file entry_24.pdb (PDB, C-alpha atoms, pLDDT in the B column)
ATOM      1  CA  MET A  84      57.294 193.521  51.430  1.00 76.00           C
ATOM      2  CA  ARG A  85      60.914 193.152  50.329  1.00 69.00           C
ATOM      3  CA  CYS A  86      60.137 189.623  49.186  1.00 75.00           C
ATOM      4  CA  GLY A  87      57.215 190.895  47.120  1.00 77.00           C
ATOM      5  CA  GLN A  88      54.619 189.191  49.305  1.00 80.00           C
ATOM      6  CA  ARG A  89      52.269 192.100  49.879  1.00 81.00           C
ATOM      7  CA  GLU A  90      49.297 190.010  50.996  1.00 86.00           C
ATOM      8  CA  GLN A  91      51.313 188.164  53.634  1.00 84.00           C
ATOM      9  CA  ALA A  92      52.833 191.452  54.840  1.00 83.00           C
ATOM     10  CA  SER A  93      49.352 192.996  55.081  1.00 83.00           C
ATOM     11  CA  ARG A  94      48.085 190.097  57.178  1.00 86.00           C
ATOM     12  CA  ALA A  95      51.106 190.382  59.488  1.00 86.00           C
ATOM     13  CA  PHE A  96      50.500 194.134  59.776  1.00 83.00           C
ATOM     14  CA  GLU A  97      46.867 193.558  60.825  1.00 84.00           C
ATOM     15  CA  ARG A  98      48.004 191.233  63.627  1.00 84.00           C
ATOM     16  CA  VAL A  99      50.502 193.824  64.869  1.00 84.00           C
ATOM     17  CA  ARG A 100      47.988 196.671  64.503  1.00 83.00           C
ATOM     18  CA  GLU A 101      45.524 194.971  66.848  1.00 82.00           C
ATOM     19  CA  THR A 102      48.084 195.191  69.645  1.00 82.00           C
ATOM     20  CA  THR A 103      49.621 198.584  68.867  1.00 81.00           C
ATOM     21  CA  SER A 104      46.267 200.322  68.450  1.00 79.00           C
ATOM     22  CA  ALA A 105      44.925 198.833  71.668  1.00 80.00           C
ATOM     23  CA  ALA A 106      48.024 199.912  73.607  1.00 78.00           C
ATOM     24  CA  GLY A 107      47.891 203.459  72.241  1.00 81.00           C
ATOM     25  CA  THR A 108      51.488 204.210  73.284  1.00 86.00           C
ATOM     26  CA  ASP A 109      53.929 206.291  71.257  1.00 88.00           C
ATOM     27  CA  TRP A 110      56.131 203.227  70.894  1.00 87.00           C
ATOM     28  CA  GLY A 111      53.321 201.009  69.603  1.00 89.00           C
ATOM     29  CA  LEU A 112      51.798 203.657  67.352  1.00 90.00           C
ATOM     30  CA  GLY A 113      55.271 204.598  66.088  1.00 90.00           C
ATOM     31  CA  ILE A 114      55.928 200.999  65.066  1.00 87.00           C
ATOM     32  CA  GLU A 115      52.475 200.852  63.474  1.00 87.00           C
ATOM     33  CA  ALA A 116      53.178 204.039  61.496  1.00 89.00           C
ATOM     34  CA  ARG A 117      56.498 202.587  60.285  1.00 89.00           C
ATOM     35  CA  LEU A 118      54.750 199.432  59.111  1.00 90.00           C
ATOM     36  CA  ARG A 119      52.074 201.532  57.377  1.00 87.00           C
ATOM     37  CA  ALA A 120      54.885 203.351  55.579  1.00 88.00           C
ATOM     38  CA  LEU A 121      56.364 200.074  54.377  1.00 88.00           C
ATOM     39  CA  LEU A 122      52.964 199.010  53.033  1.00 88.00           C
ATOM     40  CA  ALA A 123      52.011 202.414  51.604  1.00 87.00           C
ATOM     41  CA  GLU A 124      51.793 203.284  47.951  1.00 78.00           C
ATOM     42  CA  ASP A 125      54.400 205.813  46.793  1.00 74.00           C
ATOM     43  CA  ASP A 126      54.064 209.260  48.365  1.00 77.00           C
ATOM     44  CA  ASP A 127      51.637 208.132  51.079  1.00 86.00           C
ATOM     45  CA  ALA A 128      54.596 206.576  52.885  1.00 89.00           C
ATOM     46  CA  GLU A 129      56.278 209.856  53.793  1.00 89.00           C
ATOM     47  CA  ALA A 130      53.596 211.003  56.241  1.00 89.00           C
ATOM     48  CA  HIS A 131      53.736 207.596  57.948  1.00 91.00           C
ATOM     49  CA  TYR A 132      57.542 207.718  58.258  1.00 91.00           C
ATOM     50  CA  GLU A 133      57.339 211.214  59.726  1.00 91.00           C
ATOM     51  CA  GLU A 134      54.668 210.116  62.201  1.00 89.00           C
ATOM     52  CA  SER A 135      56.823 207.139  63.186  1.00 91.00           C
ATOM     53  CA  VAL A 136      59.884 209.350  63.726  1.00 92.00           C
ATOM     54  CA  THR A 137      57.849 211.792  65.810  1.00 91.00           C
ATOM     55  CA  ARG A 138      56.246 209.111  67.977  1.00 90.00           C
ATOM     56  CA  LEU A 139      59.381 207.016  68.443  1.00 91.00           C
ATOM     57  CA  GLY A 140      61.351 210.202  69.140  1.00 88.00           C
ATOM     58  CA  ARG A 141      59.241 210.639  72.276  1.00 89.00           C
ATOM     59  CA  THR A 142      60.256 207.213  73.588  1.00 86.00           C
ATOM     60  CA  SER A 143      63.497 205.953  75.061  1.00 83.00           C
ATOM     61  CA  ILE A 144      63.787 203.107  72.543  1.00 83.00           C
ATOM     62  CA  ARG A 145      66.486 204.617  70.332  1.00 85.00           C
ATOM     63  CA  VAL A 146      67.091 201.469  68.278  1.00 89.00           C
ATOM     64  CA  GLN A 147      63.564 201.509  66.852  1.00 90.00           C
ATOM     65  CA  LEU A 148      63.914 205.216  66.081  1.00 91.00           C
ATOM     66  CA  ALA A 149      67.222 204.535  64.304  1.00 90.00           C
ATOM     67  CA  ARG A 150      65.644 201.701  62.315  1.00 91.00           C
ATOM     68  CA  THR A 151      62.835 204.023  61.202  1.00 91.00           C
ATOM     69  CA  HIS A 152      65.318 206.692  60.097  1.00 91.00           C
ATOM     70  CA  LEU A 153      67.190 204.047  58.085  1.00 89.00           C
ATOM     71  CA  LEU A 154      64.033 202.766  56.376  1.00 87.00           C
ATOM     72  CA  TYR A 155      62.889 206.331  55.705  1.00 89.00           C
ATOM     73  CA  CYS A 156      66.273 207.076  54.130  1.00 86.00           C
ATOM     74  CA  GLU A 157      65.986 204.079  51.836  1.00 85.00           C
ATOM     75  CA  TRP A 158      62.544 205.263  50.728  1.00 85.00           C
ATOM     76  CA  LEU A 159      63.906 208.782  50.092  1.00 84.00           C
ATOM     77  CA  ARG A 160      66.852 207.463  48.060  1.00 82.00           C
ATOM     78  CA  ARG A 161      64.513 205.432  45.852  1.00 82.00           C
ATOM     79  CA  ARG A 162      62.822 208.746  45.071  1.00 84.00           C
ATOM     80  CA  ARG A 163      66.194 210.351  44.299  1.00 84.00           C
ATOM     81  CA  ARG A 164      65.975 212.706  47.281  1.00 83.00           C
ATOM     82  CA  ARG A 165      69.602 212.298  48.316  1.00 80.00           C
ATOM     83  CA  LEU A 166      69.860 215.378  50.539  1.00 81.00           C
ATOM     84  CA  ASN A 167      66.813 214.352  52.570  1.00 82.00           C
ATOM     85  CA  ALA A 168      68.137 210.795  52.714  1.00 83.00           C
ATOM     86  CA  ARG A 169      71.476 212.011  54.088  1.00 85.00           C
ATOM     87  CA  GLU A 170      69.758 213.716  57.015  1.00 84.00           C
ATOM     88  CA  GLN A 171      67.929 210.512  57.939  1.00 85.00           C
ATOM     89  CA  LEU A 172      71.155 208.517  57.570  1.00 88.00           C
ATOM     90  CA  ARG A 173      73.154 210.889  59.770  1.00 87.00           C
ATOM     91  CA  ILE A 174      70.612 210.507  62.539  1.00 88.00           C
ATOM     92  CA  ALA A 175      70.405 206.721  62.113  1.00 89.00           C
ATOM     93  CA  HIS A 176      74.201 206.456  62.127  1.00 89.00           C
ATOM     94  CA  GLU A 177      74.508 208.439  65.358  1.00 86.00           C
ATOM     95  CA  LEU A 178      71.725 206.476  67.056  1.00 87.00           C
ATOM     96  CA  PHE A 179      73.178 203.099  66.063  1.00 87.00           C
ATOM     97  CA  THR A 180      76.699 204.181  67.046  1.00 85.00           C
ATOM     98  CA  ASP A 181      75.562 205.560  70.401  1.00 81.00           C
ATOM     99  CA  SER A 182      73.635 202.342  71.061  1.00 79.00           C
ATOM    100  CA  GLY A 183      76.681 200.202  70.247  1.00 80.00           C
ATOM    101  CA  ILE A 184      74.937 198.453  67.366  1.00 83.00           C
ATOM    102  CA  GLU A 185      78.016 198.228  65.200  1.00 84.00           C
ATOM    103  CA  ALA A 186      76.603 196.239  62.264  1.00 85.00           C
ATOM    104  CA  PHE A 187      73.794 198.729  61.627  1.00 87.00           C
ATOM    105  CA  ALA A 188      76.124 201.668  62.327  1.00 86.00           C
ATOM    106  CA  GLU A 189      78.486 200.355  59.656  1.00 86.00           C
ATOM    107  CA  ARG A 190      75.599 199.757  57.259  1.00 84.00           C
ATOM    108  CA  THR A 191      74.399 203.341  57.678  1.00 87.00           C
ATOM    109  CA  ARG A 192      77.966 204.660  57.306  1.00 84.00           C
ATOM    110  CA  VAL A 193      78.319 202.818  54.002  1.00 82.00           C
ATOM    111  CA  GLU A 194      74.883 204.088  52.883  1.00 81.00           C
ATOM    112  CA  LEU A 195      75.885 207.623  53.839  1.00 82.00           C
ATOM    113  CA  GLU A 196      79.062 207.373  51.791  1.00 81.00           C
ATOM    114  CA  ALA A 197      76.986 206.095  48.869  1.00 75.00           C
ATOM    115  CA  THR A 198      75.114 209.408  48.950  1.00 76.00           C
ATOM    116  CA  GLY A 199      78.414 211.271  48.662  1.00 74.00           C
ATOM    117  CA  GLU A 200      78.987 212.139  52.312  1.00 71.00           C
ATOM    118  CA  HIS A 201      81.507 210.704  54.728  1.00 64.00           C
ATOM    119  CA  ALA A 202      80.444 209.728  58.229  1.00 58.00           C
ATOM    120  CA  ARG A 203      83.135 210.214  60.789  1.00 54.00           C
ATOM    121  CA  LYS A 204      84.174 207.158  62.676  1.00 53.00           C
ATOM    122  CA  ARG A 205      83.572 207.668  66.379  1.00 50.00           C
ATOM    123  CA  SER A 206      86.344 207.073  68.879  1.00 45.00           C
ATOM    124  CA  THR A 207      86.701 207.778  72.565  1.00 42.00           C
ATOM    125  CA  GLU A 208      88.405 211.072  71.644  1.00 45.00           C
ATOM    126  CA  THR A 209      85.440 212.287  69.543  1.00 45.00           C
ATOM    127  CA  LEU A 210      82.526 211.209  71.742  1.00 45.00           C
ATOM    128  CA  ASP A 211      82.207 214.655  73.368  1.00 59.00           C
ATOM    129  CA  GLN A 212      82.613 216.661  70.165  1.00 78.00           C
ATOM    130  CA  LEU A 213      79.512 218.190  68.596  1.00 80.00           C
ATOM    131  CA  THR A 214      78.557 217.062  65.126  1.00 78.00           C
ATOM    132  CA  ALA A 215      77.912 219.671  62.437  1.00 74.00           C
ATOM    133  CA  GLN A 216      74.156 219.260  62.954  1.00 80.00           C
ATOM    134  CA  GLU A 217      74.475 219.591  66.734  1.00 85.00           C
ATOM    135  CA  SER A 218      76.589 222.737  66.328  1.00 85.00           C
ATOM    136  CA  GLU A 219      74.059 224.312  63.974  1.00 87.00           C
ATOM    137  CA  ILE A 220      71.134 223.512  66.275  1.00 90.00           C
ATOM    138  CA  SER A 221      73.081 224.881  69.253  1.00 91.00           C
ATOM    139  CA  ARG A 222      73.775 228.120  67.388  1.00 90.00           C
ATOM    140  CA  LEU A 223      70.086 228.512  66.522  1.00 91.00           C
ATOM    141  CA  VAL A 224      69.068 227.824  70.132  1.00 93.00           C
ATOM    142  CA  ALA A 225      71.506 230.517  71.252  1.00 91.00           C
ATOM    143  CA  GLU A 226      69.773 232.892  68.803  1.00 91.00           C
ATOM    144  CA  GLY A 227      66.516 232.192  70.654  1.00 92.00           C
ATOM    145  CA  LEU A 228      64.708 230.019  68.097  1.00 92.00           C
ATOM    146  CA  THR A 229      62.223 227.382  69.250  1.00 93.00           C
ATOM    147  CA  ASN A 230      62.549 223.708  68.281  1.00 92.00           C
ATOM    148  CA  ARG A 231      59.749 224.145  65.740  1.00 91.00           C
ATOM    149  CA  GLU A 232      61.469 227.195  64.200  1.00 92.00           C
ATOM    150  CA  ILE A 233      64.786 225.343  64.052  1.00 90.00           C
ATOM    151  CA  ALA A 234      63.082 222.334  62.443  1.00 85.00           C
ATOM    152  CA  THR A 235      61.524 224.548  59.794  1.00 86.00           C
ATOM    153  CA  ARG A 236      64.797 226.281  59.043  1.00 84.00           C
ATOM    154  CA  LEU A 237      66.787 223.008  58.794  1.00 78.00           C
ATOM    155  CA  PHE A 238      64.044 220.992  57.049  1.00 76.00           C
ATOM    156  CA  ILE A 239      63.913 218.366  59.787  1.00 79.00           C
ATOM    157  CA  SER A 240      61.244 217.369  62.286  1.00 82.00           C
ATOM    158  CA  PRO A 241      60.914 218.999  65.732  1.00 86.00           C
ATOM    159  CA  SER A 242      61.578 215.600  67.312  1.00 85.00           C
ATOM    160  CA  THR A 243      64.884 215.405  65.417  1.00 86.00           C
ATOM    161  CA  VAL A 244      65.824 218.829  66.796  1.00 88.00           C
ATOM    162  CA  GLU A 245      64.897 217.595  70.272  1.00 88.00           C
ATOM    163  CA  TYR A 246      67.018 214.461  69.795  1.00 87.00           C
ATOM    164  CA  HIS A 247      70.100 216.478  68.787  1.00 87.00           C
ATOM    165  CA  LEU A 248      69.513 218.991  71.564  1.00 90.00           C
ATOM    166  CA  ARG A 249      69.457 216.211  74.192  1.00 88.00           C
ATOM    167  CA  LYS A 250      72.826 215.017  72.865  1.00 87.00           C
ATOM    168  CA  VAL A 251      74.224 218.576  72.982  1.00 89.00           C
ATOM    169  CA  PHE A 252      73.042 219.006  76.587  1.00 90.00           C
ATOM    170  CA  ARG A 253      74.719 215.743  77.565  1.00 87.00           C
ATOM    171  CA  LYS A 254      77.968 216.456  75.712  1.00 87.00           C
ATOM    172  CA  LEU A 255      78.287 220.012  77.031  1.00 86.00           C
ATOM    173  CA  ASP A 256      76.925 219.116  80.482  1.00 86.00           C
ATOM    174  CA  VAL A 257      74.234 221.805  80.435  1.00 89.00           C
ATOM    175  CA  LYS A 258      70.678 221.565  81.715  1.00 91.00           C
ATOM    176  CA  SER A 259      68.848 224.360  79.894  1.00 90.00           C
ATOM    177  CA  ARG A 260      68.717 226.397  76.711  1.00 91.00           C
ATOM    178  CA  THR A 261      69.903 229.421  78.694  1.00 90.00           C
ATOM    179  CA  GLN A 262      72.976 227.556  79.935  1.00 90.00           C
ATOM    180  CA  LEU A 263      73.650 226.364  76.385  1.00 89.00           C
ATOM    181  CA  ALA A 264      73.438 229.921  75.040  1.00 87.00           C
ATOM    182  CA  GLY A 265      75.828 231.038  77.795  1.00 87.00           C
ATOM    183  CA  ARG A 266      78.347 228.345  76.855  1.00 85.00           C
ATOM    184  CA  LEU A 267      78.302 229.408  73.209  1.00 79.00           C
ATOM    185  CA  THR A 268      78.766 233.143  73.754  1.00 71.00           C
TER
END
call {"tool": "encode", "arguments": {"input": "entry_24.pdb", "output": "structure tokens"}}
result
Amino acid sequence: MRCGQREQASRAFERVRETTSAAGTDWGLGIEARLRALLAEDDDAEAHYEESVTRLGRTSIRVQLARTHLLYCEWLRRRRRRLNAREQLRIAHELFTDSGIEAFAERTRVELEATGEHARKRSTETLDQLTAQESEISRLVAEGLTNREIATRLFISPSTVEYHLRKVFRKLDVKSRTQLAGRLT
């Protein structure tokens, strides 16, 4: 698609779709949704990106989820939706950094700065610190909101809330929402 060869990209998509549809897994269908987004006309792409994020968010393959967030961000920026793009970039940056994929982490950091925000460089001293997004989600959990309610309030998907919450649990060494609320009060 980036080379302007829509027909060739469509044929490649059909070959992939045969396998992903037959498998019926979140990973396969998430990849299929991402490819549909890349092939989609204008606003049709957004629903496919969101489906891809949701499906891939339920898998353990973080790199593919990060890649989808990055592609989604690029689509959002082309539509001049910088604030929405920043959210996708923050998530992609964290996922790439946590996975040790330095080249993509640097690419997303540069993209994030291009939107007017500065991504913090991670070091061994900052690995256990909560990001601004993680802190906000933690606060809302402590208030008793569900993932869906938090997603609505922060204009992100429930799977993104779940992703950040898993990181918070790991960083704070808690196992439940109740324990998290106790740590914050």
call {"tool": "atom_distance", "arguments": {"input": "entry_24.pdb", "atom1": "CA of Gly107 in chain A", "atom2": "CA of Tyr246 in chain A"}}
result
22.2 Å
call {"tool": "residues_around", "arguments": {"input": "entry_24.pdb", "residues": "Arg260 in chain A", "least_positions_apart": "6", "cutoff": "10 Å", "atoms": "all atoms listed in the file", "output": "ChimeraX atom specification"}}
result
/A:221,224-225,227,229,248,252,266
call {"tool": "closest_residue", "arguments": {"input": "entry_24.pdb", "among": "A:Thr108, A:Pro241, A:Thr214, A:Thr261", "to": "Glu133 in chain A", "atoms": "only C-alpha atoms"}}
result
A:Pro241
call {"tool": "residues_around", "arguments": {"input": "entry_24.pdb", "residues": "Arg249 in chain A", "least_positions_apart": "6", "cutoff": "10 Å", "atoms": "all atoms listed in the file", "output": "list of chain:residue names"}}
result
A:Glu217, A:Thr243, A:Val257, A:Lys258, A:Ser259
call {"tool": "atom_distance", "arguments": {"input": "entry_24.pdb", "atom1": "CA of Ser143 in chain A", "atom2": "CA of Ser240 in chain A"}}
result
17.3 Å
call {"tool": "resolve_selection", "arguments": {"input": "entry_24.pdb", "expression": "the PyMOL selection byres ((chain A and resi 132) around 7)", "output": "ChimeraX atom specification"}}
result
/A:116-117,120,128-131,133-136,155
call {"tool": "closest_residue", "arguments": {"input": "entry_24.pdb", "among": "A:Arg163, A:Val146, A:Ser218, A:Ala123", "to": "Glu185 in chain A", "atoms": "all atoms listed in the file"}}
result
A:Val146
call {"tool": "residues_near_point", "arguments": {"input": "entry_24.pdb", "point": "(78.9, 200.8, 58.2)", "cutoff": "12 Å", "atoms": "all atoms listed in the file", "output": "list of chain:residue names"}}
result
A:Leu172, A:Arg173, A:Ala175, A:His176, A:Glu177, A:Phe179, A:Thr180, A:Ile184, A:Glu185, A:Ala186, A:Phe187, A:Ala188, A:Glu189, A:Arg190, A:Thr191, A:Arg192, A:Val193, A:Glu194, A:Leu195, A:Glu196, A:Ala197, A:His201, A:Ala202, A:Arg203, A:Lys204, A:Arg205
call {"tool": "atom_distance", "arguments": {"input": "entry_24.pdb", "atom1": "CA of Arg222 in chain A", "atom2": "CA of Ser242 in chain A"}}
result
17.5 Å
call {"tool": "closest_residue", "arguments": {"input": "entry_24.pdb", "among": "A:Ser104, A:Asp126, A:Arg236, A:Arg145", "to": "Arg162 in chain A", "atoms": "only C-alpha atoms"}}
result
A:Asp126
call {"tool": "closest_residue", "arguments": {"input": "entry_24.pdb", "among": "A:Leu166, A:Asp127, A:Ala106, A:Leu112", "to": "Gln147 in chain A", "atoms": "all atoms listed in the file"}}
result
A:Leu112
call {"tool": "closest_residue", "arguments": {"input": "entry_24.pdb", "among": "A:Ile144, A:Glu97, A:Ala149, A:Asp125", "to": "Trp110 in chain A", "atoms": "only C-alpha atoms"}}
result
A:Ile144
call {"tool": "residues_around", "arguments": {"input": "entry_24.pdb", "residues": "Ile233 in chain A", "least_positions_apart": "5", "cutoff": "7 Å", "atoms": "all atoms listed in the file", "output": "PyMOL selection string"}}
result
chain A and resi 220+223+228
call {"tool": "residues_around", "arguments": {"input": "entry_24.pdb", "residues": "Thr198 in chain A", "least_positions_apart": "6", "cutoff": "9 Å", "atoms": "all atoms listed in the file", "output": "list of chain:residue names"}}
result
A:Arg160, A:Arg165, A:Leu166, A:Ala168, A:Arg169
call {"tool": "residues_around", "arguments": {"input": "entry_24.pdb", "residues": "range 89-94 of chain A", "least_positions_apart": "2", "cutoff": "12 Å", "atoms": "only C-alpha atoms", "output": "PyMOL selection string"}}
result
chain A and resi 84-87+96-101+115+118-124
